[in-house]
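my_file33.tsv, holding TSV, N, CA, C and O atoms:
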chain	number	residue	atom	x	y	z
L	1	MET	N	0.85	-1.17	0.00
L	1	MET	CA	0.00	0.00	0.00
L	1	MET	C	0.89	1.24	0.00
L	1	MET	O	1.65	1.45	0.94
L	2	PRO	N	0.85	2.04	-1.04
L	2	PRO	CA	1.68	3.24	-1.06
L	2	PRO	C	1.12	4.34	-0.16
L	2	PRO	O	-0.08	4.47	0.01
L	3	ALA	N	2.04	5.09	0.43
L	3	ALA	CA	1.69	6.26	1.21
L	3	ALA	C	2.08	7.48	0.40
L	3	ALA	O	3.23	7.60	-0.03
L	4	VAL	N	1.14	8.37	0.17
L	4	VAL	CA	1.38	9.57	-0.62
L	4	VAL	C	1.44	10.75	0.35
L	4	VAL	O	0.48	10.99	1.09
L	5	CYS	N	2.55	11.46	0.34
L	5	CYS	CA	2.77	12.54	1.29
L	5	CYS	C	2.69	13.90	0.61
L	5	CYS	O	3.25	14.10	-0.47
L	6	PHE	N	1.99	14.81	1.25
L	6	PHE	CA	1.76	16.16	0.74
L	6	PHE	C	2.47	17.15	1.67
L	6	PHE	O	2.08	17.28	2.83
L	7	PRO	N	3.49	17.86	1.19
L	7	PRO	CA	4.21	18.82	2.04
L	7	PRO	C	3.37	20.03	2.43
L	7	PRO	O	2.34	20.32	1.82
L	8	HIS	N	3.87	20.74	3.41
L	8	HIS	CA	3.25	21.99	3.85
L	8	HIS	C	3.45	23.08	2.81
L	8	HIS	O	4.23	22.92	1.87
L	9	ALA	N	2.75	24.19	2.97
L	9	ALA	CA	2.90	25.33	2.06
L	9	ALA	C	4.36	25.79	2.10
L	9	ALA	O	4.92	25.97	3.17
L	10	GLY	N	4.97	25.95	0.96
L	10	GLY	CA	6.37	26.35	0.89
L	10	GLY	C	7.33	25.19	1.04
L	10	GLY	O	8.53	25.36	0.94
L	11	GLY	N	6.79	24.00	1.30
L	11	GLY	CA	7.63	22.83	1.51
L	11	GLY	C	7.89	22.08	0.22
L	11	GLY	O	7.40	22.44	-0.85
L	12	SER	N	8.67	21.03	0.34
L	12	SER	CA	9.01	20.22	-0.83
L	12	SER	C	9.00	18.74	-0.45
L	12	SER	O	8.88	18.38	0.72
L	13	ALA	N	9.15	17.91	-1.45
L	13	ALA	CA	9.11	16.47	-1.25
L	13	ALA	C	10.19	16.00	-0.28
L	13	ALA	O	9.99	15.05	0.47
L	14	SER	N	11.33	16.67	-0.27
L	14	SER	CA	12.44	16.25	0.59
L	14	SER	C	12.08	16.34	2.08
L	14	SER	O	12.74	15.73	2.92
L	15	TYR	N	11.03	17.08	2.42
L	15	TYR	CA	10.56	17.17	3.80
L	15	TYR	C	10.27	15.79	4.37
L	15	TYR	O	10.44	15.55	5.57
L	16	TYR	N	9.86	14.85	3.52
L	16	TYR	CA	9.47	13.51	3.97
L	16	TYR	C	10.60	12.48	3.87
L	16	TYR	O	10.37	11.31	4.12
L	17	TYR	N	11.81	12.91	3.53
L	17	TYR	CA	12.91	11.96	3.38
L	17	TYR	C	13.17	11.19	4.68
L	17	TYR	O	13.26	9.96	4.67
L	18	ALA	N	13.29	11.89	5.80
L	18	ALA	CA	13.57	11.22	7.08
L	18	ALA	C	12.47	10.24	7.45
L	18	ALA	O	12.75	9.13	7.95
L	19	LEU	N	11.22	10.60	7.19
L	19	LEU	CA	10.10	9.70	7.49
L	19	LEU	C	10.18	8.45	6.62
L	19	LEU	O	10.03	7.34	7.12
L	20	SER	N	10.43	8.62	5.34
L	20	SER	CA	10.50	7.45	4.46
L	20	SER	C	11.65	6.54	4.85
L	20	SER	O	11.54	5.31	4.80
L	21	LYS	N	12.76	7.12	5.26
L	21	LYS	CA	13.92	6.33	5.68
L	21	LYS	C	13.61	5.55	6.96
L	21	LYS	O	13.97	4.38	7.08
L	22	SER	N	12.91	6.17	7.90
L	22	SER	CA	12.61	5.49	9.16
L	22	SER	C	11.55	4.40	8.99
L	22	SER	O	11.50	3.46	9.79
L	23	LEU	N	10.70	4.50	7.99
L	23	LEU	CA	9.67	3.49	7.75
L	23	LEU	C	10.15	2.35	6.84
L	23	LEU	O	9.46	1.34	6.72
L	24	ALA	N	11.29	2.52	6.20
L	24	ALA	CA	11.82	1.49	5.30
L	24	ALA	C	12.11	0.22	6.08
L	24	ALA	O	12.53	0.29	7.23
L	25	PRO	N	11.84	-0.92	5.54
L	25	PRO	CA	11.34	-1.23	4.21
L	25	PRO	C	9.83	-1.34	4.17
L	25	PRO	O	9.29	-2.15	3.42
L	26	GLY	N	9.14	-0.55	4.92
L	26	GLY	CA	7.68	-0.59	5.01
L	26	GLY	C	6.97	-0.15	3.75
L	26	GLY	O	7.31	-0.58	2.65
L	27	PRO	N	6.00	0.73	3.90
L	27	PRO	CA	5.18	1.11	2.74
L	27	PRO	C	5.99	1.87	1.68
L	27	PRO	O	6.98	2.53	2.00
L	28	ASP	N	5.55	1.75	0.45
L	28	ASP	CA	6.12	2.59	-0.61
L	28	ASP	C	5.73	4.02	-0.29
L	28	ASP	O	4.55	4.31	-0.04
L	29	MET	N	6.69	4.91	-0.27
L	29	MET	CA	6.41	6.31	0.04
L	29	MET	C	6.57	7.14	-1.23
L	29	MET	O	7.57	7.04	-1.93
L	30	LEU	N	5.55	7.93	-1.51
L	30	LEU	CA	5.60	8.88	-2.61
L	30	LEU	C	5.38	10.26	-2.02
L	30	LEU	O	4.45	10.45	-1.23
L	31	ALA	N	6.22	11.21	-2.37
L	31	ALA	CA	6.06	12.57	-1.87
L	31	ALA	C	5.87	13.49	-3.06
L	31	ALA	O	6.63	13.44	-4.03
L	32	LEU	N	4.85	14.30	-2.98
L	32	LEU	CA	4.57	15.24	-4.06
L	32	LEU	C	5.59	16.38	-4.06
L	32	LEU	O	5.98	16.87	-3.01
L	33	GLN	N	6.00	16.76	-5.25
L	33	GLN	CA	6.86	17.93	-5.42
L	33	GLN	C	6.01	18.98	-6.13
L	33	GLN	O	5.64	18.81	-7.28
L	34	TYR	N	5.68	20.03	-5.42
L	34	TYR	CA	4.84	21.07	-5.99
L	34	TYR	C	5.57	21.86	-7.06
L	34	TYR	O	6.80	22.04	-6.98
L	35	PRO	N	4.85	22.37	-8.06
L	35	PRO	CA	5.48	23.24	-9.06
L	35	PRO	C	6.13	24.44	-8.37
L	35	PRO	O	5.59	24.98	-7.40
L	36	GLY	N	7.30	24.82	-8.85
L	36	GLY	CA	8.01	25.95	-8.29
L	36	GLY	C	8.94	25.59	-7.14
L	36	GLY	O	9.59	26.46	-6.57
L	37	ARG	N	9.03	24.30	-6.81
L	37	ARG	CA	9.86	23.85	-5.70
L	37	ARG	C	10.98	22.94	-6.21
L	37	ARG	O	10.78	22.15	-7.11
L	38	GLN	N	12.15	23.03	-5.60
L	38	GLN	CA	13.33	22.22	-5.87
L	38	GLN	C	13.53	21.92	-7.35
L	38	GLN	O	13.77	22.83	-8.14
L	39	ASP	N	13.41	20.66	-7.78
L	39	ASP	CA	13.67	20.31	-9.17
L	39	ASP	C	12.58	20.80	-10.13
L	39	ASP	O	12.73	20.68	-11.34
L	40	ARG	N	11.51	21.38	-9.61
L	40	ARG	CA	10.45	21.94	-10.45
L	40	ARG	C	10.44	23.47	-10.35
L	40	ARG	O	9.43	24.11	-10.62
L	41	VAL	N	11.58	24.04	-9.96
L	41	VAL	CA	11.66	25.48	-9.74
L	41	VAL	C	11.40	26.29	-11.02
L	41	VAL	O	10.92	27.42	-10.95
L	42	ALA	N	11.67	25.73	-12.17
L	42	ALA	CA	11.44	26.44	-13.43
L	42	ALA	C	9.96	26.57	-13.76
L	42	ALA	O	9.58	27.40	-14.58
L	43	GLU	N	9.12	25.76	-13.13
L	43	GLU	CA	7.67	25.83	-13.35
L	43	GLU	C	7.07	26.92	-12.46
L	43	GLU	O	7.55	27.15	-11.35
L	44	GLY	N	6.05	27.54	-12.93
L	44	GLY	CA	5.37	28.54	-12.12
L	44	GLY	C	4.63	27.91	-10.96
L	44	GLY	O	4.11	26.80	-11.06
L	45	CYS	N	4.59	28.61	-9.84
L	45	CYS	CA	3.84	28.13	-8.68
L	45	CYS	C	2.35	28.14	-8.99
L	45	CYS	O	1.86	28.98	-9.73
L	46	VAL	N	1.63	27.22	-8.39
L	46	VAL	CA	0.17	27.18	-8.51
L	46	VAL	C	-0.38	27.91	-7.29
L	46	VAL	O	-0.02	27.59	-6.16
L	47	THR	N	-1.25	28.87	-7.51
L	47	THR	CA	-1.77	29.69	-6.41
L	47	THR	C	-3.18	29.32	-5.99
L	47	THR	O	-3.73	29.92	-5.09
L	48	CYS	N	-3.76	28.33	-6.64
L	48	CYS	CA	-5.13	27.91	-6.34
L	48	CYS	C	-5.11	26.46	-5.86
L	48	CYS	O	-4.65	25.56	-6.58
L	49	LEU	N	-5.59	26.23	-4.64
L	49	LEU	CA	-5.57	24.89	-4.07
L	49	LEU	C	-6.36	23.90	-4.92
L	49	LEU	O	-5.93	22.75	-5.10
L	50	ALA	N	-7.50	24.32	-5.45
L	50	ALA	CA	-8.31	23.41	-6.28
L	50	ALA	C	-7.55	22.99	-7.53
L	50	ALA	O	-7.60	21.82	-7.94
L	51	GLU	N	-6.82	23.92	-8.12
L	51	GLU	CA	-6.02	23.59	-9.30
L	51	GLU	C	-4.89	22.62	-8.94
L	51	GLU	O	-4.64	21.64	-9.64
L	52	LEU	N	-4.23	22.87	-7.81
L	52	LEU	CA	-3.15	21.99	-7.36
L	52	LEU	C	-3.70	20.59	-7.05
L	52	LEU	O	-3.08	19.58	-7.38
L	53	ALA	N	-4.88	20.53	-6.44
L	53	ALA	CA	-5.52	19.23	-6.16
L	53	ALA	C	-5.82	18.49	-7.46
L	53	ALA	O	-5.65	17.27	-7.53
L	54	GLY	N	-6.26	19.21	-8.47
L	54	GLY	CA	-6.52	18.58	-9.77
L	54	GLY	C	-5.27	18.00	-10.38
L	54	GLY	O	-5.28	16.87	-10.90
L	55	HIS	N	-4.16	18.74	-10.30
L	55	HIS	CA	-2.88	18.24	-10.82
L	55	HIS	C	-2.42	17.01	-10.03
L	55	HIS	O	-1.95	16.03	-10.61
L	56	ALA	N	-2.52	17.08	-8.71
L	56	ALA	CA	-2.08	15.97	-7.86
L	56	ALA	C	-2.93	14.74	-8.12
L	56	ALA	O	-2.42	13.61	-8.23
L	57	TYR	N	-4.24	14.94	-8.23
L	57	TYR	CA	-5.13	13.81	-8.52
L	57	TYR	C	-4.77	13.16	-9.86
L	57	TYR	O	-4.70	11.94	-9.97
L	58	ALA	N	-4.53	13.97	-10.88
L	58	ALA	CA	-4.18	13.44	-12.20
L	58	ALA	C	-2.90	12.62	-12.14
L	58	ALA	O	-2.80	11.55	-12.74
L	59	ALA	N	-1.91	13.10	-11.39
L	59	ALA	CA	-0.65	12.35	-11.26
L	59	ALA	C	-0.87	11.03	-10.55
L	59	ALA	O	-0.32	10.00	-10.96
L	60	LEU	N	-1.67	11.04	-9.49
L	60	LEU	CA	-1.94	9.79	-8.76
L	60	LEU	C	-2.77	8.83	-9.60
L	60	LEU	O	-2.54	7.62	-9.59
L	61	ARG	N	-3.72	9.36	-10.33
L	61	ARG	CA	-4.55	8.52	-11.20
L	61	ARG	C	-3.68	7.83	-12.25
L	61	ARG	O	-3.84	6.64	-12.52
L	62	ASP	N	-2.74	8.56	-12.81
L	62	ASP	CA	-1.86	7.98	-13.82
L	62	ASP	C	-0.94	6.92	-13.24
L	62	ASP	O	-0.50	6.02	-13.96
L	63	ALA	N	-0.63	7.02	-11.94
L	63	ALA	CA	0.27	6.07	-11.29
L	63	ALA	C	-0.49	4.93	-10.59
L	63	ALA	O	0.13	4.06	-10.00
L	64	GLU	N	-1.80	4.96	-10.65
L	64	GLU	CA	-2.62	3.97	-9.93
L	64	GLU	C	-2.30	2.55	-10.40
L	64	GLU	O	-2.19	2.28	-11.59
L	65	ASP	N	-2.12	1.67	-9.42
L	65	ASP	CA	-1.81	0.27	-9.74
L	65	ASP	C	-2.82	-0.71	-9.15
L	65	ASP	O	-2.57	-1.90	-9.06
L	66	GLY	N	-3.98	-0.19	-8.72
L	66	GLY	CA	-5.02	-1.05	-8.18
L	66	GLY	C	-4.95	-1.26	-6.68
L	66	GLY	O	-5.88	-1.77	-6.08
L	67	ARG	N	-3.83	-0.88	-6.07
L	67	ARG	CA	-3.72	-0.99	-4.61
L	67	ARG	C	-4.27	0.28	-3.98
L	67	ARG	O	-4.10	1.37	-4.51
L	68	PRO	N	-4.92	0.15	-2.84
L	68	PRO	CA	-5.36	1.37	-2.15
L	68	PRO	C	-4.15	2.14	-1.64
L	68	PRO	O	-3.09	1.56	-1.39
L	69	CYS	N	-4.29	3.44	-1.51
L	69	CYS	CA	-3.18	4.24	-1.00
L	69	CYS	C	-3.63	4.99	0.25
L	69	CYS	O	-4.82	5.09	0.54
L	70	VAL	N	-2.67	5.47	0.97
L	70	VAL	CA	-2.89	6.29	2.15
L	70	VAL	C	-2.40	7.69	1.81
L	70	VAL	O	-1.32	7.84	1.24
L	71	LEU	N	-3.19	8.69	2.11
L	71	LEU	CA	-2.80	10.08	1.87
L	71	LEU	C	-2.45	10.72	3.20
L	71	LEU	O	-3.21	10.61	4.17
L	72	PHE	N	-1.30	11.38	3.25
L	72	PHE	CA	-0.86	12.05	4.47
L	72	PHE	C	-0.35	13.43	4.13
L	72	PHE	O	0.48	13.59	3.23
L	73	GLY	N	-0.86	14.42	4.80
L	73	GLY	CA	-0.41	15.78	4.55
L	73	GLY	C	-0.11	16.51	5.84
L	73	GLY	O	-0.68	16.22	6.89
L	74	HIS	N	0.81	17.45	5.74
L	74	HIS	CA	1.17	18.29	6.88
L	74	HIS	C	0.72	19.72	6.59
L	74	HIS	O	1.03	20.26	5.53
L	75	SER	N	-0.02	20.31	7.50
L	75	SER	CA	-0.48	21.69	7.40
L	75	SER	C	-1.30	21.87	6.11
L	75	SER	O	-2.28	21.16	5.91
L	76	MET	N	-0.90	22.77	5.21
L	76	MET	CA	-1.63	22.95	3.96
L	76	MET	C	-1.70	21.64	3.18
L	76	MET	O	-2.67	21.37	2.49
L	77	GLY	N	-0.69	20.80	3.33
L	77	GLY	CA	-0.68	19.51	2.66
L	77	GLY	C	-1.84	18.62	3.09
L	77	GLY	O	-2.34	17.82	2.30
L	78	SER	N	-2.30	18.78	4.33
L	78	SER	CA	-3.44	17.97	4.77
L	78	SER	C	-4.73	18.43	4.09
L	78	SER	O	-5.58	17.61	3.75
L	79	VAL	N	-4.86	19.72	3.87
L	79	VAL	CA	-6.04	20.24	3.15
L	79	VAL	C	-5.98	19.76	1.70
L	79	VAL	O	-7.00	19.33	1.14
L	80	LEU	N	-4.81	19.81	1.11
L	80	LEU	CA	-4.64	19.34	-0.26
L	80	LEU	C	-4.92	17.83	-0.35
L	80	LEU	O	-5.61	17.38	-1.27
L	81	ALA	N	-4.43	17.05	0.61
L	81	ALA	CA	-4.69	15.61	0.62
L	81	ALA	C	-6.19	15.33	0.73
L	81	ALA	O	-6.71	14.43	0.07
L	82	PHE	N	-6.89	16.12	1.53
L	82	PHE	CA	-8.34	15.97	1.66
L	82	PHE	C	-9.03	16.21	0.32
L	82	PHE	O	-9.91	15.45	-0.09
L	83	GLU	N	-8.62	17.27	-0.37
L	83	GLU	CA	-9.23	17.58	-1.67
L	83	GLU	C	-8.92	16.50	-2.70
L	83	GLU	O	-9.77	16.15	-3.52
L	84	VAL	N	-7.73	15.95	-2.67
L	84	VAL	CA	-7.38	14.86	-3.58
L	84	VAL	C	-8.19	13.61	-3.21
L	84	VAL	O	-8.69	12.90	-4.09
L	85	ALA	N	-8.36	13.34	-1.92
L	85	ALA	CA	-9.16	12.19	-1.48
L	85	ALA	C	-10.59	12.31	-1.98
L	85	ALA	O	-11.19	11.31	-2.42
L	86	ARG	N	-11.15	13.51	-1.93
L	86	ARG	CA	-12.51	13.71	-2.44
L	86	ARG	C	-12.58	13.38	-3.93
L	86	ARG	O	-13.52	12.72	-4.38
L	87	ARG	N	-11.60	13.81	-4.68
L	87	ARG	CA	-11.58	13.51	-6.12
L	87	ARG	C	-11.44	12.01	-6.35
L	87	ARG	O	-12.09	11.45	-7.22
L	88	CYS	N	-10.60	11.37	-5.58
L	88	CYS	CA	-10.40	9.92	-5.70
L	88	CYS	C	-11.71	9.16	-5.41
L	88	CYS	O	-12.05	8.21	-6.12
L	89	GLN	N	-12.41	9.56	-4.36
L	89	GLN	CA	-13.65	8.87	-4.02
L	89	GLN	C	-14.70	9.03	-5.09
L	89	GLN	O	-15.49	8.14	-5.34
L	90	GLU	N	-14.71	10.18	-5.74
L	90	GLU	CA	-15.71	10.44	-6.78
L	90	GLU	C	-15.38	9.77	-8.11
L	90	GLU	O	-16.27	9.39	-8.84
L	91	ARG	N	-14.10	9.63	-8.42
L	91	ARG	CA	-13.71	9.28	-9.77
L	91	ARG	C	-12.83	8.04	-9.93
L	91	ARG	O	-12.52	7.65	-11.04
L	92	THR	N	-12.38	7.45	-8.83
L	92	THR	CA	-11.41	6.36	-8.92
L	92	THR	C	-12.01	5.06	-8.41
L	92	THR	O	-12.75	5.06	-7.43
L	93	ALA	N	-11.65	3.97	-9.04
L	93	ALA	CA	-12.15	2.66	-8.63
L	93	ALA	C	-11.62	2.26	-7.25
L	93	ALA	O	-12.30	1.59	-6.50
L	94	THR	N	-10.40	2.68	-6.93
L	94	THR	CA	-9.79	2.33	-5.64
L	94	THR	C	-9.56	3.60	-4.84
L	94	THR	O	-8.50	4.23	-4.97
L	95	PRO	N	-10.52	4.01	-4.00
L	95	PRO	CA	-10.34	5.24	-3.22
L	95	PRO	C	-9.26	5.04	-2.14
L	95	PRO	O	-8.96	3.90	-1.77
L	96	PRO	N	-8.71	6.12	-1.63
L	96	PRO	CA	-7.71	6.00	-0.56
L	96	PRO	C	-8.34	5.45	0.72
L	96	PRO	O	-9.54	5.59	0.93
L	97	VAL	N	-7.50	4.86	1.54
L	97	VAL	CA	-7.97	4.34	2.83
L	97	VAL	C	-7.65	5.33	3.92
L	97	VAL	O	-6.83	6.20	3.76
Represent the structure of the file as structure tokens.
Amino acid sequence: MPAVCFPHAGGSASYYYALSKSLAPGPDMLALQYPGRQDRVAEGCVTCLAELAGHAYAALRDAEDGRPCVLFGHSMGSVLAFEVARRCQERTATPPV
């Protein structure tokens, strides 16, 4: 079961490195890298949470492998994870647990 992690506002995927290392070899950990952060710095930042949730949902949908996933977010990331979970429940065969 993959765990998908959503960083806080202004944060990046590397925020979850220590957590993924401490949980290894446990769940597959995926951390979102928001546009405008670290290796995506050349992309413009997204200023609308609904738009960012749509992008995140599309990325997860494309990576879906039939296993349920767990969504975890910190601060703004938790609100984003909630919005992605709503989209998953409405549109995906395997909603998050």
* Members of region 14-86 of chain L assigned strand (DSSP E or B) by DSSP, as a PyMOL selection string -> chain L and resi 29-31+70-73
* Measuring atom to atom with only C-alpha atoms, identify which of L:Ala59, L:Ala31, L:Leu19, L:Cys45 is nearest to Val84 (chain L). => L:Ala59
* Determine, counting only N, CA, C and O atoms, which protein, DNA and RNA residues have an atom within 8 Å of an atom of region 38-40 of chain L; residues of the same chain fewer than 6 positions away are not included. Present the result as a list in words. =>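 Near region 38-40 of chain L, the qualifying residues are Gly10, Gly11, Ser12 and Ala13 of chain L.
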* What does the distance between atom C of Ala50 (chain L) and atom C of Glu83 (chain L) come to in Å, to one decimal place? ->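 Atom-to-atom, atom C of Ala50 (chain L) and atom C of Glu83 (chain L) are spaced 8.2 Å apart.
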* **Distance criterion (all atoms listed in the file): nearest to Ala53 (chain L) out of L:Val79, L:Leu30, L:Ala24, L:Val97** =>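 Closest residue, counting all atoms listed in the file: L:Val79.
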* Kindly give the distance, in Å, that separates CA of Tyr57 (chain L) and atom C of Ala93 (chain L), rounded to a single decimal. =>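 About the pair CA of Tyr57 (chain L) and atom C of Ala93 (chain L): they are 13.3 Å apart.
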* Nearest-residue call for Leu71 (chain L), choices L:Arg86, L:Arg37, L:His55, L:Lys21, using only C-alpha atoms ->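 Smallest distance to Leu71 (chain L) is found for L:Arg86.
With only C-alpha atoms as the basis for measurement, L:Pro95 is the residue among L:Gly26, L:Pro95, L:Gly44, L:Pro7 that approaches Asp65 (chain L) most closely.
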* Which distance in Å separates CA of Leu80 (chain L) and CA of Leu49 (chain L), to one decimal? ->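 Separating CA of Leu80 (chain L) from CA of Leu49 (chain L) is a distance of 6.8 Å.
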* All residues 6 Å or closer to Thr94 (chain L), all atoms listed in the file, same chain fewer than 4 positions away omitted, as a list in words -> Gly66, Arg67, Pro68, Cys69 and Cys88 of chain L
* Asked: Quick one: DSSP alpha helix (DSSP H) residues in region 34-91 of chain L, as a ChimeraX atom specification?
  -> /L:49-63,76-91
Given the selection you just returned, output its residues as a file containing N, CA, C and O atoms, formatted as a tab-separated table (two decimals), in the frame of the given file.
chain	number	residue	atom	x	y	z
L	49	LEU	N	-5.59	26.23	-4.64
L	49	LEU	CA	-5.57	24.89	-4.07
L	49	LEU	C	-6.36	23.90	-4.92
L	49	LEU	O	-5.93	22.75	-5.10
L	50	ALA	N	-7.50	24.32	-5.45
L	50	ALA	CA	-8.31	23.41	-6.28
L	50	ALA	C	-7.55	22.99	-7.53
L	50	ALA	O	-7.60	21.82	-7.94
L	51	GLU	N	-6.82	23.92	-8.12
L	51	GLU	CA	-6.02	23.59	-9.30
L	51	GLU	C	-4.89	22.62	-8.94
L	51	GLU	O	-4.64	21.64	-9.64
L	52	LEU	N	-4.23	22.87	-7.81
L	52	LEU	CA	-3.15	21.99	-7.36
L	52	LEU	C	-3.70	20.59	-7.05
L	52	LEU	O	-3.08	19.58	-7.38
L	53	ALA	N	-4.88	20.53	-6.44
L	53	ALA	CA	-5.52	19.23	-6.16
L	53	ALA	C	-5.82	18.49	-7.46
L	53	ALA	O	-5.65	17.27	-7.53
L	54	GLY	N	-6.26	19.21	-8.47
L	54	GLY	CA	-6.52	18.58	-9.77
L	54	GLY	C	-5.27	18.00	-10.38
L	54	GLY	O	-5.28	16.87	-10.90
L	55	HIS	N	-4.16	18.74	-10.30
L	55	HIS	CA	-2.88	18.24	-10.82
L	55	HIS	C	-2.42	17.01	-10.03
L	55	HIS	O	-1.95	16.03	-10.61
L	56	ALA	N	-2.52	17.08	-8.71
L	56	ALA	CA	-2.08	15.97	-7.86
L	56	ALA	C	-2.93	14.74	-8.12
L	56	ALA	O	-2.42	13.61	-8.23
L	57	TYR	N	-4.24	14.94	-8.23
L	57	TYR	CA	-5.13	13.81	-8.52
L	57	TYR	C	-4.77	13.16	-9.86
L	57	TYR	O	-4.70	11.94	-9.97
L	58	ALA	N	-4.53	13.97	-10.88
L	58	ALA	CA	-4.18	13.44	-12.20
L	58	ALA	C	-2.90	12.62	-12.14
L	58	ALA	O	-2.80	11.55	-12.74
L	59	ALA	N	-1.91	13.10	-11.39
L	59	ALA	CA	-0.65	12.35	-11.26
L	59	ALA	C	-0.87	11.03	-10.55
L	59	ALA	O	-0.32	10.00	-10.96
L	60	LEU	N	-1.67	11.04	-9.49
L	60	LEU	CA	-1.94	9.79	-8.76
L	60	LEU	C	-2.77	8.83	-9.60
L	60	LEU	O	-2.54	7.62	-9.59
L	61	ARG	N	-3.72	9.36	-10.33
L	61	ARG	CA	-4.55	8.52	-11.20
L	61	ARG	C	-3.68	7.83	-12.25
L	61	ARG	O	-3.84	6.64	-12.52
L	62	ASP	N	-2.74	8.56	-12.81
L	62	ASP	CA	-1.86	7.98	-13.82
L	62	ASP	C	-0.94	6.92	-13.24
L	62	ASP	O	-0.50	6.02	-13.96
L	63	ALA	N	-0.63	7.02	-11.94
L	63	ALA	CA	0.27	6.07	-11.29
L	63	ALA	C	-0.49	4.93	-10.59
L	63	ALA	O	0.13	4.06	-10.00
L	76	MET	N	-0.90	22.77	5.21
L	76	MET	CA	-1.63	22.95	3.96
L	76	MET	C	-1.70	21.64	3.18
L	76	MET	O	-2.67	21.37	2.49
L	77	GLY	N	-0.69	20.80	3.33
L	77	GLY	CA	-0.68	19.51	2.66
L	77	GLY	C	-1.84	18.62	3.09
L	77	GLY	O	-2.34	17.82	2.30
L	78	SER	N	-2.30	18.78	4.33
L	78	SER	CA	-3.44	17.97	4.77
L	78	SER	C	-4.73	18.43	4.09
L	78	SER	O	-5.58	17.61	3.75
L	79	VAL	N	-4.86	19.72	3.87
L	79	VAL	CA	-6.04	20.24	3.15
L	79	VAL	C	-5.98	19.76	1.70
L	79	VAL	O	-7.00	19.33	1.14
L	80	LEU	N	-4.81	19.81	1.11
L	80	LEU	CA	-4.64	19.34	-0.26
L	80	LEU	C	-4.92	17.83	-0.35
L	80	LEU	O	-5.61	17.38	-1.27
L	81	ALA	N	-4.43	17.05	0.61
L	81	ALA	CA	-4.69	15.61	0.62
L	81	ALA	C	-6.19	15.33	0.73
L	81	ALA	O	-6.71	14.43	0.07
L	82	PHE	N	-6.89	16.12	1.53
L	82	PHE	CA	-8.34	15.97	1.66
L	82	PHE	C	-9.03	16.21	0.32
L	82	PHE	O	-9.91	15.45	-0.09
L	83	GLU	N	-8.62	17.27	-0.37
L	83	GLU	CA	-9.23	17.58	-1.67
L	83	GLU	C	-8.92	16.50	-2.70
L	83	GLU	O	-9.77	16.15	-3.52
L	84	VAL	N	-7.73	15.95	-2.67
L	84	VAL	CA	-7.38	14.86	-3.58
L	84	VAL	C	-8.19	13.61	-3.21
L	84	VAL	O	-8.69	12.90	-4.09
L	85	ALA	N	-8.36	13.34	-1.92
L	85	ALA	CA	-9.16	12.19	-1.48
L	85	ALA	C	-10.59	12.31	-1.98
L	85	ALA	O	-11.19	11.31	-2.42
L	86	ARG	N	-11.15	13.51	-1.93
L	86	ARG	CA	-12.51	13.71	-2.44
L	86	ARG	C	-12.58	13.38	-3.93
L	86	ARG	O	-13.52	12.72	-4.38
L	87	ARG	N	-11.60	13.81	-4.68
L	87	ARG	CA	-11.58	13.51	-6.12
L	87	ARG	C	-11.44	12.01	-6.35
L	87	ARG	O	-12.09	11.45	-7.22
L	88	CYS	N	-10.60	11.37	-5.58
L	88	CYS	CA	-10.40	9.92	-5.70
L	88	CYS	C	-11.71	9.16	-5.41
L	88	CYS	O	-12.05	8.21	-6.12
L	89	GLN	N	-12.41	9.56	-4.36
L	89	GLN	CA	-13.65	8.87	-4.02
L	89	GLN	C	-14.70	9.03	-5.09
L	89	GLN	O	-15.49	8.14	-5.34
L	90	GLU	N	-14.71	10.18	-5.74
L	90	GLU	CA	-15.71	10.44	-6.78
L	90	GLU	C	-15.38	9.77	-8.11
L	90	GLU	O	-16.27	9.39	-8.84
L	91	ARG	N	-14.10	9.63	-8.42
L	91	ARG	CA	-13.71	9.28	-9.77
L	91	ARG	C	-12.83	8.04	-9.93
L	91	ARG	O	-12.52	7.65	-11.04
So for region 11-22 of chain L, what box centre and size do we get, axis-aligned, 8 Å extra on each of the six sides, every listed atom, Å to one decimal, as lines of an AutoDock Vina configuration file?
center_x = 10.4
center_y = 13.7
center_z = 4.2
size_x = 23.2
size_y = 36.5
size_z = 27.2
* To do: Kindly indicate which residue among L:Thr92, L:Ser75, L:Ser20, L:Gln33 lies nearest to Cys5 (chain L), using only N, CA, C and O atoms for the distances.
  =>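 Looking only at the distances to Cys5 (chain L), the closest residue turns out to be L:Gln33.
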* Residue among L:Gly54, L:Glu64, L:Val70, L:Gln89 lying closest to Pro2 (chain L), counting all atoms listed in the file ->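 Selected residue with least distance to Pro2 (chain L): L:Val70.
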